[in-house]
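First up is the structure itself, then whatever we jot down about it.
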Amino acid sequence: MRDFLLFLHIVGAAGWIGGGLFAMFAYPAVARSGPPAAASILKGFEKRSGAFFGITSGLVLLSGIALVLTSDAFGWGDAFVLIGLGAFLISGLVESTMGRRVNERLASAAESGSDLPQAVRAWRQISIIGLVVLFVVVWAMITKLGT
């Protein structure tokens with residue numbers, strides 16, 4: 001059971017990080033392709049990314065909780081577990097507030113063709129924050145920080 005849960009946890013994390021890395025390159029490239037296609041493609045990305053990141057982050061969260069509940073070696077007080085839970089909350093808050101705004105700004109700039117460099121820069125800054133948080137979590141999980 002542990003190996004299956006760990007497999008799900010790693011697959012979810014790989015998808016979450018892979019999706020973020022793909023977006024770092026694809027979103028700005030699409031935005032720069034210009035109207036009218038860029039805005040509709042970005043809106044399509046946005047619609048699908050909600051489901052994709054919801055599934056991958058949910059898989060990470062649920063399998064992580066199951067791993068802690070079924071493990072004698074790890075507990076809720078372990079630093080890497082707390083870092084993972086904290087990162088899940090931080091990511092959710094950042095994406096539902098600032099992330100949503102920069103996504104809308106990027107789509108609007110792609111549609112109008114104005115403010116595009118600034119919109120790409122703002123979008124990238126938020127995306128980099130999200131990826132750094134995920135990389136810290138992966139490091140904490142690999143090193144089993146706090147055990």
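Naming scheme: A, B, ... for chains in displayed order of the structure tokens; residues 1 onward per chain; ligands 1 onward as shown.
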Please provide the set of residues having any atom within 9 Å of region 61-75 of chain A, restricted to only C-alpha atoms, with same-chain residues fewer than 5 positions apart removed, written as number ranges by chain. A: 1-2, 5-9, 12, 56, 81, 84-85, 88, 147
Can you write out the residues you just picked, keeping all heavy atoms, as a compact mmCIF listing (two decimals), in the first residue's frame?
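Output contents, as saved in result-v4.txt:
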```txt
# COMPACT_ATOMS: atom_id res chain seq x y z
N MET A 1 0.82 -1.19 0.00
CA MET A 1 0.00 0.00 0.00
C MET A 1 0.87 1.26 0.00
O MET A 1 0.58 2.21 -0.71
CB MET A 1 -0.93 -0.04 1.22
CG MET A 1 -1.79 1.17 1.36
SD MET A 1 -2.99 1.27 0.05
CE MET A 1 -4.28 2.11 0.83
N ARG A 2 1.94 1.25 0.83
CA ARG A 2 2.82 2.41 0.93
C ARG A 2 3.42 2.74 -0.43
O ARG A 2 3.46 3.90 -0.83
CB ARG A 2 3.93 2.16 1.95
CG ARG A 2 4.91 3.32 2.04
CD ARG A 2 6.19 2.91 2.78
NE ARG A 2 7.19 3.94 2.72
CZ ARG A 2 8.01 4.16 1.69
NH1 ARG A 2 7.96 3.40 0.63
NH2 ARG A 2 8.90 5.13 1.72
N LEU A 5 0.82 4.37 -2.71
CA LEU A 5 0.57 5.76 -2.29
C LEU A 5 1.75 6.66 -2.65
O LEU A 5 1.55 7.80 -3.10
CB LEU A 5 0.29 5.82 -0.79
CG LEU A 5 -1.03 5.22 -0.33
CD1 LEU A 5 -1.09 5.16 1.20
CD2 LEU A 5 -2.20 5.99 -0.89
N LEU A 6 2.95 6.17 -2.45
CA LEU A 6 4.14 6.94 -2.81
C LEU A 6 4.20 7.17 -4.32
O LEU A 6 4.53 8.27 -4.77
CB LEU A 6 5.40 6.23 -2.31
CG LEU A 6 6.71 7.00 -2.42
CD1 LEU A 6 6.62 8.33 -1.68
CD2 LEU A 6 7.85 6.15 -1.88
N PHE A 7 3.84 6.15 -5.09
CA PHE A 7 3.77 6.29 -6.55
C PHE A 7 2.79 7.40 -6.93
O PHE A 7 3.11 8.28 -7.74
CB PHE A 7 3.35 4.95 -7.18
CG PHE A 7 3.06 5.05 -8.65
CD1 PHE A 7 4.08 5.10 -9.58
CD2 PHE A 7 1.75 5.09 -9.11
CE1 PHE A 7 3.82 5.20 -10.94
CE2 PHE A 7 1.47 5.18 -10.46
CZ PHE A 7 2.50 5.24 -11.38
N LEU A 8 1.60 7.39 -6.36
CA LEU A 8 0.60 8.42 -6.64
C LEU A 8 1.10 9.80 -6.24
O LEU A 8 0.89 10.79 -6.95
CB LEU A 8 -0.71 8.12 -5.92
CG LEU A 8 -1.49 6.90 -6.39
CD1 LEU A 8 -2.73 6.70 -5.52
CD2 LEU A 8 -1.85 7.00 -7.86
N HIS A 9 1.77 9.87 -5.10
CA HIS A 9 2.31 11.13 -4.60
C HIS A 9 3.35 11.69 -5.57
O HIS A 9 3.31 12.88 -5.91
CB HIS A 9 2.93 10.88 -3.22
CG HIS A 9 3.13 12.09 -2.39
ND1 HIS A 9 2.11 12.87 -1.93
CD2 HIS A 9 4.27 12.65 -1.91
CE1 HIS A 9 2.59 13.86 -1.22
NE2 HIS A 9 3.91 13.76 -1.19
N GLY A 12 1.69 12.75 -8.94
CA GLY A 12 1.01 14.03 -8.75
C GLY A 12 1.99 15.19 -8.72
O GLY A 12 1.79 16.22 -9.37
N THR A 56 -3.77 17.23 -10.08
CA THR A 56 -2.42 16.89 -9.64
C THR A 56 -2.17 17.31 -8.20
O THR A 56 -1.61 16.53 -7.42
CB THR A 56 -1.35 17.51 -10.57
OG1 THR A 56 -1.52 18.92 -10.62
CG2 THR A 56 -1.42 16.92 -11.96
N VAL A 81 6.51 17.19 6.28
CA VAL A 81 5.06 17.08 6.15
C VAL A 81 4.42 18.46 6.31
O VAL A 81 3.55 18.85 5.53
CB VAL A 81 4.50 16.08 7.19
CG1 VAL A 81 2.97 16.09 7.19
CG2 VAL A 81 5.04 14.67 6.92
N GLY A 84 5.09 20.54 3.27
CA GLY A 84 4.21 20.14 2.18
C GLY A 84 2.80 20.68 2.34
O GLY A 84 2.21 21.21 1.39
N LEU A 85 2.25 20.58 3.54
CA LEU A 85 0.91 21.11 3.79
C LEU A 85 0.89 22.63 3.65
O LEU A 85 -0.04 23.20 3.06
CB LEU A 85 0.42 20.69 5.17
CG LEU A 85 0.09 19.21 5.34
CD1 LEU A 85 -0.15 18.87 6.81
CD2 LEU A 85 -1.10 18.82 4.48
N PHE A 88 1.00 23.60 0.02
CA PHE A 88 -0.29 23.40 -0.62
C PHE A 88 -1.20 24.60 -0.36
O PHE A 88 -1.85 25.12 -1.27
CB PHE A 88 -0.94 22.11 -0.11
CG PHE A 88 -2.23 21.78 -0.78
CD1 PHE A 88 -2.24 21.13 -2.00
CD2 PHE A 88 -3.44 22.15 -0.20
CE1 PHE A 88 -3.44 20.84 -2.64
CE2 PHE A 88 -4.64 21.86 -0.83
CZ PHE A 88 -4.64 21.20 -2.05
N THR A 147 13.42 14.70 10.08
CA THR A 147 13.35 13.35 10.67
C THR A 147 14.74 12.85 11.00
O THR A 147 15.73 13.33 10.56
CB THR A 147 12.71 12.33 9.70
OG1 THR A 147 13.45 12.29 8.49
CG2 THR A 147 11.27 12.70 9.43
```
Between region 30-69 of chain A and region 98-108 of chain A, at 12 Å or less, what are the per-residue closest atom pairs and their distances in Å? Count only C-alpha atoms, order by chain and rising residue number, and return it as CSV.
```
residue,atom,partner,partner_atom,distance
A:Val30,CA,A:Ala107,CA,9.7
A:Ala31,CA,A:Leu106,CA,7.0
A:Arg32,CA,A:Leu106,CA,9.9
A:Ser33,CA,A:Ala107,CA,11.7
A:Gly34,CA,A:Ala107,CA,10.4
A:Pro35,CA,A:Ala107,CA,9.9
A:Pro36,CA,A:Ala107,CA,10.5
A:Ala37,CA,A:Ala107,CA,10.4
A:Ala38,CA,A:Ala107,CA,7.5
A:Ala39,CA,A:Ala107,CA,4.9
A:Ser40,CA,A:Ala107,CA,7.9
A:Ile41,CA,A:Ala107,CA,8.7
A:Leu42,CA,A:Ala107,CA,5.9
A:Lys43,CA,A:Ala107,CA,6.7
A:Gly44,CA,A:Ala107,CA,10.2
A:Phe45,CA,A:Asn103,CA,9.9
A:Glu46,CA,A:Asn103,CA,7.5
A:Lys47,CA,A:Asn103,CA,10.9
A:Ser49,CA,A:Asn103,CA,11.1
A:Gly50,CA,A:Arg100,CA,10.4
```
Computed interatomic separation between CA of Phe52 (chain A) and CA of Phe22 (chain A) (Å): 12.4 Å
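Minimum atom-to-atom distances from A:Gly15, A:Trp139, A:Val133, A:Ala109 to Arg121 (chain A) were compared using only C-alpha atoms, and the lowest value belongs to A:Ala109.
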Can you measure CA of Asp78 (chain A) to CA of Val60 (chain A) for me? One decimal in Å is fine.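 So the two atoms, CA of Asp78 (chain A) and CA of Val60 (chain A), lie 16.9 Å apart.
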Based on DSSP run over this structure's backbone, return all residues of region 76-140 of chain A in alpha helix (DSSP H), as a compact mmCIF listing (two decimals) with all heavy atoms, in the first residue's frame.
```txt
# COMPACT_ATOMS: atom_id res chain seq x y z
N ALA A 79 8.86 18.04 9.88
CA ALA A 79 9.02 19.30 9.13
C ALA A 79 8.63 19.16 7.67
O ALA A 79 7.94 20.02 7.12
CB ALA A 79 10.45 19.81 9.26
N PHE A 80 9.03 18.07 7.02
CA PHE A 80 8.73 17.94 5.59
C PHE A 80 7.24 17.79 5.34
O PHE A 80 6.73 18.25 4.33
CB PHE A 80 9.54 16.80 4.94
CG PHE A 80 9.09 15.41 5.27
CD1 PHE A 80 8.21 14.75 4.42
CD2 PHE A 80 9.54 14.76 6.40
CE1 PHE A 80 7.80 13.46 4.70
CE2 PHE A 80 9.14 13.47 6.69
CZ PHE A 80 8.26 12.81 5.85
N VAL A 81 6.51 17.19 6.28
CA VAL A 81 5.06 17.08 6.15
C VAL A 81 4.42 18.46 6.31
O VAL A 81 3.55 18.85 5.53
CB VAL A 81 4.50 16.08 7.19
CG1 VAL A 81 2.97 16.09 7.19
CG2 VAL A 81 5.04 14.67 6.92
N LEU A 82 4.87 19.19 7.32
CA LEU A 82 4.33 20.54 7.54
C LEU A 82 4.67 21.47 6.38
O LEU A 82 3.84 22.30 5.98
CB LEU A 82 4.87 21.10 8.86
CG LEU A 82 4.39 20.37 10.11
CD1 LEU A 82 5.12 20.90 11.35
CD2 LEU A 82 2.88 20.50 10.26
N ILE A 83 5.87 21.34 5.83
CA ILE A 83 6.26 22.15 4.67
C ILE A 83 5.35 21.81 3.49
O ILE A 83 4.88 22.70 2.78
CB ILE A 83 7.74 21.94 4.32
CG1 ILE A 83 8.62 22.60 5.39
CG2 ILE A 83 8.07 22.48 2.93
CD1 ILE A 83 10.09 22.24 5.29
N GLY A 84 5.09 20.54 3.27
CA GLY A 84 4.21 20.14 2.18
C GLY A 84 2.80 20.68 2.34
O GLY A 84 2.21 21.21 1.39
N LEU A 85 2.25 20.58 3.54
CA LEU A 85 0.91 21.11 3.79
C LEU A 85 0.89 22.63 3.65
O LEU A 85 -0.04 23.20 3.06
CB LEU A 85 0.42 20.69 5.17
CG LEU A 85 0.09 19.21 5.34
CD1 LEU A 85 -0.15 18.87 6.81
CD2 LEU A 85 -1.10 18.82 4.48
N GLY A 86 1.92 23.28 4.17
CA GLY A 86 2.00 24.74 4.06
C GLY A 86 2.11 25.19 2.62
O GLY A 86 1.47 26.16 2.20
N ALA A 87 2.91 24.47 1.84
CA ALA A 87 3.07 24.82 0.43
C ALA A 87 1.76 24.63 -0.33
O ALA A 87 1.43 25.43 -1.21
CB ALA A 87 4.16 23.97 -0.20
N PHE A 88 1.00 23.60 0.02
CA PHE A 88 -0.29 23.40 -0.62
C PHE A 88 -1.20 24.60 -0.36
O PHE A 88 -1.85 25.12 -1.27
CB PHE A 88 -0.94 22.11 -0.11
CG PHE A 88 -2.23 21.78 -0.78
CD1 PHE A 88 -2.24 21.13 -2.00
CD2 PHE A 88 -3.44 22.15 -0.20
CE1 PHE A 88 -3.44 20.84 -2.64
CE2 PHE A 88 -4.64 21.86 -0.83
CZ PHE A 88 -4.64 21.20 -2.05
N LEU A 89 -1.22 25.05 0.88
CA LEU A 89 -2.04 26.22 1.24
C LEU A 89 -1.54 27.49 0.55
O LEU A 89 -2.33 28.26 -0.01
CB LEU A 89 -2.07 26.41 2.74
CG LEU A 89 -2.82 25.36 3.54
CD1 LEU A 89 -2.63 25.57 5.03
CD2 LEU A 89 -4.29 25.38 3.18
N ILE A 90 -0.23 27.71 0.60
CA ILE A 90 0.35 28.91 -0.03
C ILE A 90 0.06 28.90 -1.53
O ILE A 90 -0.36 29.92 -2.09
CB ILE A 90 1.87 28.99 0.24
CG1 ILE A 90 2.13 29.32 1.70
CG2 ILE A 90 2.53 30.02 -0.68
CD1 ILE A 90 3.58 29.15 2.12
N SER A 91 0.28 27.77 -2.17
CA SER A 91 0.05 27.68 -3.61
C SER A 91 -1.41 27.98 -3.94
O SER A 91 -1.70 28.71 -4.88
CB SER A 91 0.43 26.28 -4.11
OG SER A 91 0.20 26.17 -5.48
N GLY A 92 -2.30 27.40 -3.17
CA GLY A 92 -3.72 27.65 -3.41
C GLY A 92 -4.10 29.10 -3.24
O GLY A 92 -4.84 29.66 -4.07
N LEU A 93 -3.56 29.75 -2.21
CA LEU A 93 -3.86 31.16 -1.98
C LEU A 93 -3.26 32.05 -3.07
O LEU A 93 -3.92 32.95 -3.58
CB LEU A 93 -3.34 31.60 -0.61
CG LEU A 93 -4.08 31.06 0.59
CD1 LEU A 93 -3.34 31.40 1.89
CD2 LEU A 93 -5.51 31.59 0.63
N VAL A 94 -2.00 31.79 -3.42
CA VAL A 94 -1.34 32.61 -4.44
C VAL A 94 -2.05 32.45 -5.79
O VAL A 94 -2.34 33.43 -6.47
CB VAL A 94 0.16 32.24 -4.56
CG1 VAL A 94 0.78 32.84 -5.81
CG2 VAL A 94 0.91 32.70 -3.32
N ARG A 100 -4.68 34.32 -10.49
CA ARG A 100 -5.86 34.59 -11.32
C ARG A 100 -5.76 35.96 -11.99
O ARG A 100 -6.06 36.12 -13.17
CB ARG A 100 -7.12 34.50 -10.47
CG ARG A 100 -8.38 34.76 -11.29
CD ARG A 100 -9.59 34.40 -10.54
NE ARG A 100 -9.46 32.98 -10.22
CZ ARG A 100 -10.29 32.30 -9.46
NH1 ARG A 100 -11.32 32.89 -8.95
NH2 ARG A 100 -10.11 31.02 -9.20
N ARG A 101 -5.32 36.95 -11.21
CA ARG A 101 -5.20 38.32 -11.76
C ARG A 101 -4.17 38.38 -12.89
O ARG A 101 -4.42 39.00 -13.92
CB ARG A 101 -4.85 39.32 -10.66
CG ARG A 101 -6.05 39.74 -9.85
CD ARG A 101 -5.75 40.98 -9.03
NE ARG A 101 -4.65 40.83 -8.10
CZ ARG A 101 -4.75 40.38 -6.85
NH1 ARG A 101 -5.92 40.05 -6.37
NH2 ARG A 101 -3.69 40.28 -6.09
N VAL A 102 -3.00 37.77 -12.69
CA VAL A 102 -1.99 37.84 -13.74
C VAL A 102 -2.38 37.03 -14.96
O VAL A 102 -2.03 37.39 -16.09
CB VAL A 102 -0.56 37.48 -13.25
CG1 VAL A 102 -0.08 38.45 -12.20
CG2 VAL A 102 -0.47 36.05 -12.79
N ASN A 103 -3.12 35.94 -14.77
CA ASN A 103 -3.62 35.17 -15.92
C ASN A 103 -4.60 36.02 -16.73
O ASN A 103 -4.53 36.03 -17.97
CB ASN A 103 -4.31 33.89 -15.46
CG ASN A 103 -3.33 32.83 -15.03
OD1 ASN A 103 -2.17 32.85 -15.39
ND2 ASN A 103 -3.81 31.88 -14.22
N GLU A 104 -5.51 36.70 -16.05
CA GLU A 104 -6.47 37.56 -16.74
C GLU A 104 -5.76 38.72 -17.44
O GLU A 104 -6.10 39.07 -18.58
CB GLU A 104 -7.52 38.08 -15.76
CG GLU A 104 -8.46 37.00 -15.26
CD GLU A 104 -9.32 37.45 -14.09
OE1 GLU A 104 -9.17 38.59 -13.61
OE2 GLU A 104 -10.15 36.63 -13.65
N ARG A 105 -4.78 39.29 -16.77
CA ARG A 105 -4.02 40.40 -17.36
C ARG A 105 -3.28 39.94 -18.60
O ARG A 105 -3.24 40.64 -19.62
CB ARG A 105 -3.05 40.97 -16.33
CG ARG A 105 -2.23 42.12 -16.85
CD ARG A 105 -1.31 42.66 -15.79
NE ARG A 105 -0.42 43.67 -16.33
CZ ARG A 105 0.62 44.15 -15.68
NH1 ARG A 105 0.90 43.74 -14.45
NH2 ARG A 105 1.39 45.06 -16.23
N LEU A 106 -2.68 38.76 -18.55
CA LEU A 106 -1.94 38.23 -19.70
C LEU A 106 -2.88 37.98 -20.87
O LEU A 106 -2.58 38.34 -22.01
CB LEU A 106 -1.19 36.95 -19.31
CG LEU A 106 -0.29 36.36 -20.39
CD1 LEU A 106 0.82 37.34 -20.78
CD2 LEU A 106 0.32 35.05 -19.89
N ALA A 107 -4.05 37.39 -20.60
CA ALA A 107 -5.02 37.13 -21.67
C ALA A 107 -5.51 38.44 -22.27
O ALA A 107 -5.64 38.56 -23.50
CB ALA A 107 -6.19 36.31 -21.14
N SER A 108 -5.76 39.42 -21.43
CA SER A 108 -6.21 40.73 -21.92
C SER A 108 -5.14 41.41 -22.77
O SER A 108 -5.43 41.97 -23.83
CB SER A 108 -6.59 41.61 -20.73
OG SER A 108 -6.94 42.88 -21.16
N ALA A 109 -3.90 41.35 -22.30
CA ALA A 109 -2.79 41.95 -23.06
C ALA A 109 -2.58 41.22 -24.38
O ALA A 109 -2.29 41.84 -25.41
CB ALA A 109 -1.52 41.93 -22.23
N ALA A 110 -2.75 39.90 -24.38
CA ALA A 110 -2.60 39.14 -25.62
C ALA A 110 -3.71 39.49 -26.60
O ALA A 110 -3.48 39.51 -27.81
CB ALA A 110 -2.61 37.64 -25.32
N GLU A 111 -4.88 39.76 -26.07
CA GLU A 111 -6.02 40.10 -26.93
C GLU A 111 -5.87 41.50 -27.54
O GLU A 111 -6.14 41.70 -28.72
CB GLU A 111 -7.31 40.02 -26.12
CG GLU A 111 -8.57 40.15 -26.92
CD GLU A 111 -9.78 39.82 -26.09
OE1 GLU A 111 -9.83 40.22 -24.91
OE2 GLU A 111 -10.67 39.15 -26.61
N SER A 112 -5.42 42.43 -26.71
CA SER A 112 -5.32 43.82 -27.18
C SER A 112 -3.98 44.14 -27.82
O SER A 112 -3.87 45.08 -28.60
CB SER A 112 -5.56 44.78 -26.02
OG SER A 112 -4.47 44.72 -25.11
N LEU A 116 1.82 44.02 -23.17
CA LEU A 116 2.23 42.62 -23.21
C LEU A 116 3.54 42.34 -22.46
O LEU A 116 3.58 41.41 -21.64
CB LEU A 116 2.31 42.11 -24.64
CG LEU A 116 2.46 40.62 -24.81
CD1 LEU A 116 1.33 39.86 -24.11
CD2 LEU A 116 2.49 40.26 -26.27
N PRO A 117 4.61 43.10 -22.65
CA PRO A 117 5.84 42.79 -21.92
C PRO A 117 5.65 42.85 -20.39
O PRO A 117 6.15 41.99 -19.67
CB PRO A 117 6.83 43.86 -22.38
CG PRO A 117 6.32 44.32 -23.70
CD PRO A 117 4.82 44.20 -23.62
N GLN A 118 4.90 43.84 -19.93
CA GLN A 118 4.67 43.95 -18.49
C GLN A 118 3.78 42.82 -17.98
O GLN A 118 4.00 42.29 -16.89
CB GLN A 118 4.03 45.32 -18.15
CG GLN A 118 4.90 46.50 -18.45
CD GLN A 118 4.81 46.95 -19.92
OE1 GLN A 118 4.13 46.36 -20.74
NE2 GLN A 118 5.54 48.01 -20.24
N ALA A 119 2.79 42.44 -18.77
CA ALA A 119 1.90 41.34 -18.38
C ALA A 119 2.65 40.02 -18.32
O ALA A 119 2.45 39.22 -17.40
CB ALA A 119 0.72 41.25 -19.34
N VAL A 120 3.53 39.78 -19.30
CA VAL A 120 4.35 38.56 -19.29
C VAL A 120 5.26 38.56 -18.08
O VAL A 120 5.40 37.55 -17.38
CB VAL A 120 5.16 38.42 -20.60
CG1 VAL A 120 6.22 37.34 -20.49
CG2 VAL A 120 4.23 38.14 -21.77
N ARG A 121 5.88 39.70 -17.79
CA ARG A 121 6.79 39.79 -16.65
C ARG A 121 6.04 39.50 -15.33
O ARG A 121 6.52 38.74 -14.51
CB ARG A 121 7.44 41.18 -16.60
CG ARG A 121 8.58 41.27 -15.60
CD ARG A 121 9.32 42.61 -15.63
NE ARG A 121 9.66 43.06 -16.97
CZ ARG A 121 9.08 44.11 -17.59
NH1 ARG A 121 8.15 44.81 -17.00
NH2 ARG A 121 9.46 44.45 -18.81
N ALA A 122 4.87 40.10 -15.15
CA ALA A 122 4.08 39.87 -13.93
C ALA A 122 3.66 38.41 -13.84
O ALA A 122 3.72 37.81 -12.76
CB ALA A 122 2.87 40.79 -13.92
N TRP A 123 3.25 37.84 -14.96
CA TRP A 123 2.82 36.45 -14.97
C TRP A 123 3.99 35.53 -14.60
O TRP A 123 3.84 34.62 -13.80
CB TRP A 123 2.27 36.09 -16.36
CG TRP A 123 1.70 34.73 -16.40
CD1 TRP A 123 0.41 34.37 -16.12
CD2 TRP A 123 2.41 33.51 -16.68
NE1 TRP A 123 0.29 33.01 -16.22
CE2 TRP A 123 1.49 32.46 -16.56
CE3 TRP A 123 3.72 33.23 -17.02
CZ2 TRP A 123 1.85 31.14 -16.78
CZ3 TRP A 123 4.09 31.91 -17.22
CH2 TRP A 123 3.15 30.88 -17.10
N ARG A 124 5.16 35.81 -15.19
CA ARG A 124 6.33 34.99 -14.90
C ARG A 124 6.75 35.08 -13.44
O ARG A 124 7.17 34.10 -12.84
CB ARG A 124 7.51 35.40 -15.79
CG ARG A 124 7.49 34.70 -17.10
CD ARG A 124 8.92 34.38 -17.54
NE ARG A 124 8.85 33.47 -18.65
CZ ARG A 124 9.25 33.74 -19.87
NH1 ARG A 124 9.76 34.91 -20.14
NH2 ARG A 124 9.16 32.84 -20.82
N GLN A 125 6.66 36.27 -12.85
CA GLN A 125 7.05 36.44 -11.44
C GLN A 125 6.20 35.54 -10.53
O GLN A 125 6.74 34.86 -9.65
CB GLN A 125 6.94 37.90 -11.02
CG GLN A 125 8.01 38.76 -11.61
CD GLN A 125 7.79 40.25 -11.36
OE1 GLN A 125 6.69 40.69 -11.03
NE2 GLN A 125 8.84 41.04 -11.56
N ILE A 126 4.91 35.54 -10.75
CA ILE A 126 4.02 34.70 -9.94
C ILE A 126 4.30 33.23 -10.20
O ILE A 126 4.34 32.42 -9.28
CB ILE A 126 2.54 35.04 -10.22
CG1 ILE A 126 2.23 36.47 -9.79
CG2 ILE A 126 1.60 34.05 -9.53
CD1 ILE A 126 2.49 36.77 -8.33
N SER A 127 4.52 32.87 -11.45
CA SER A 127 4.81 31.48 -11.79
C SER A 127 6.12 31.00 -11.17
O SER A 127 6.21 29.87 -10.71
CB SER A 127 4.85 31.31 -13.30
OG SER A 127 3.60 31.60 -13.85
N ILE A 128 7.11 31.86 -11.16
CA ILE A 128 8.40 31.50 -10.55
C ILE A 128 8.23 31.28 -9.06
O ILE A 128 8.79 30.32 -8.50
CB ILE A 128 9.47 32.56 -10.86
CG1 ILE A 128 9.87 32.46 -12.34
CG2 ILE A 128 10.69 32.42 -9.96
CD1 ILE A 128 10.73 33.60 -12.84
N ILE A 129 7.46 32.11 -8.41
CA ILE A 129 7.20 31.92 -6.98
C ILE A 129 6.58 30.55 -6.75
O ILE A 129 7.00 29.80 -5.86
CB ILE A 129 6.29 33.04 -6.42
CG1 ILE A 129 7.04 34.36 -6.39
CG2 ILE A 129 5.76 32.67 -5.03
CD1 ILE A 129 6.17 35.57 -6.12
N GLY A 130 5.59 30.20 -7.56
CA GLY A 130 4.95 28.89 -7.42
C GLY A 130 5.91 27.74 -7.62
O GLY A 130 5.90 26.76 -6.86
N LEU A 131 6.77 27.85 -8.62
CA LEU A 131 7.73 26.78 -8.88
C LEU A 131 8.78 26.69 -7.78
O LEU A 131 9.16 25.58 -7.38
CB LEU A 131 8.41 26.99 -10.24
CG LEU A 131 7.54 26.63 -11.44
CD1 LEU A 131 8.20 27.08 -12.74
CD2 LEU A 131 7.26 25.13 -11.48
N VAL A 132 9.23 27.82 -7.26
CA VAL A 132 10.21 27.78 -6.17
C VAL A 132 9.61 27.09 -4.95
O VAL A 132 10.26 26.26 -4.30
CB VAL A 132 10.72 29.20 -5.83
CG1 VAL A 132 11.48 29.23 -4.52
CG2 VAL A 132 11.60 29.74 -6.96
N VAL A 133 8.37 27.40 -4.65
CA VAL A 133 7.69 26.74 -3.52
C VAL A 133 7.66 25.23 -3.76
O VAL A 133 7.99 24.45 -2.85
CB VAL A 133 6.27 27.30 -3.33
CG1 VAL A 133 5.45 26.44 -2.38
CG2 VAL A 133 6.33 28.74 -2.80
N LEU A 134 7.32 24.81 -4.96
CA LEU A 134 7.27 23.38 -5.26
C LEU A 134 8.65 22.73 -5.17
O LEU A 134 8.80 21.62 -4.66
CB LEU A 134 6.68 23.14 -6.65
CG LEU A 134 5.19 23.44 -6.78
CD1 LEU A 134 4.75 23.29 -8.23
CD2 LEU A 134 4.37 22.54 -5.88
N PHE A 135 9.68 23.43 -5.65
CA PHE A 135 11.04 22.87 -5.58
C PHE A 135 11.49 22.72 -4.12
O PHE A 135 12.16 21.75 -3.77
CB PHE A 135 12.03 23.72 -6.37
CG PHE A 135 11.83 23.65 -7.86
CD1 PHE A 135 12.11 24.75 -8.65
CD2 PHE A 135 11.36 22.51 -8.48
CE1 PHE A 135 11.94 24.70 -10.03
CE2 PHE A 135 11.18 22.44 -9.86
CZ PHE A 135 11.47 23.54 -10.62
N VAL A 136 11.15 23.68 -3.28
CA VAL A 136 11.49 23.58 -1.86
C VAL A 136 10.79 22.37 -1.24
O VAL A 136 11.38 21.62 -0.46
CB VAL A 136 11.13 24.88 -1.11
CG1 VAL A 136 11.19 24.69 0.40
CG2 VAL A 136 12.05 26.02 -1.55
N VAL A 137 9.53 22.16 -1.61
CA VAL A 137 8.80 21.01 -1.07
C VAL A 137 9.44 19.71 -1.53
O VAL A 137 9.63 18.79 -0.72
CB VAL A 137 7.32 21.06 -1.49
CG1 VAL A 137 6.60 19.78 -1.12
CG2 VAL A 137 6.63 22.25 -0.86
N VAL A 138 9.79 19.62 -2.80
CA VAL A 138 10.43 18.39 -3.30
C VAL A 138 11.74 18.16 -2.55
O VAL A 138 12.03 17.03 -2.13
CB VAL A 138 10.65 18.46 -4.83
CG1 VAL A 138 11.56 17.33 -5.30
CG2 VAL A 138 9.32 18.41 -5.55
N TRP A 139 12.53 19.19 -2.36
CA TRP A 139 13.78 19.05 -1.60
C TRP A 139 13.49 18.57 -0.18
O TRP A 139 14.15 17.65 0.32
CB TRP A 139 14.53 20.38 -1.58
CG TRP A 139 15.66 20.39 -0.61
CD1 TRP A 139 16.90 19.84 -0.78
CD2 TRP A 139 15.64 20.94 0.70
NE1 TRP A 139 17.65 20.03 0.35
CE2 TRP A 139 16.90 20.69 1.27
CE3 TRP A 139 14.69 21.63 1.45
CZ2 TRP A 139 17.23 21.11 2.56
CZ3 TRP A 139 15.01 22.03 2.72
CH2 TRP A 139 16.26 21.77 3.26
N ALA A 140 12.50 19.16 0.47
CA ALA A 140 12.16 18.77 1.84
C ALA A 140 11.69 17.32 1.89
O ALA A 140 12.02 16.58 2.84
CB ALA A 140 11.07 19.69 2.40
```
What does the distance between CA of Ser96 (chain A) and CA of Gly18 (chain A) come to in Å, to one decimal place?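 For CA of Ser96 (chain A) relative to CA of Gly18 (chain A), the distance reads 19.4 Å.
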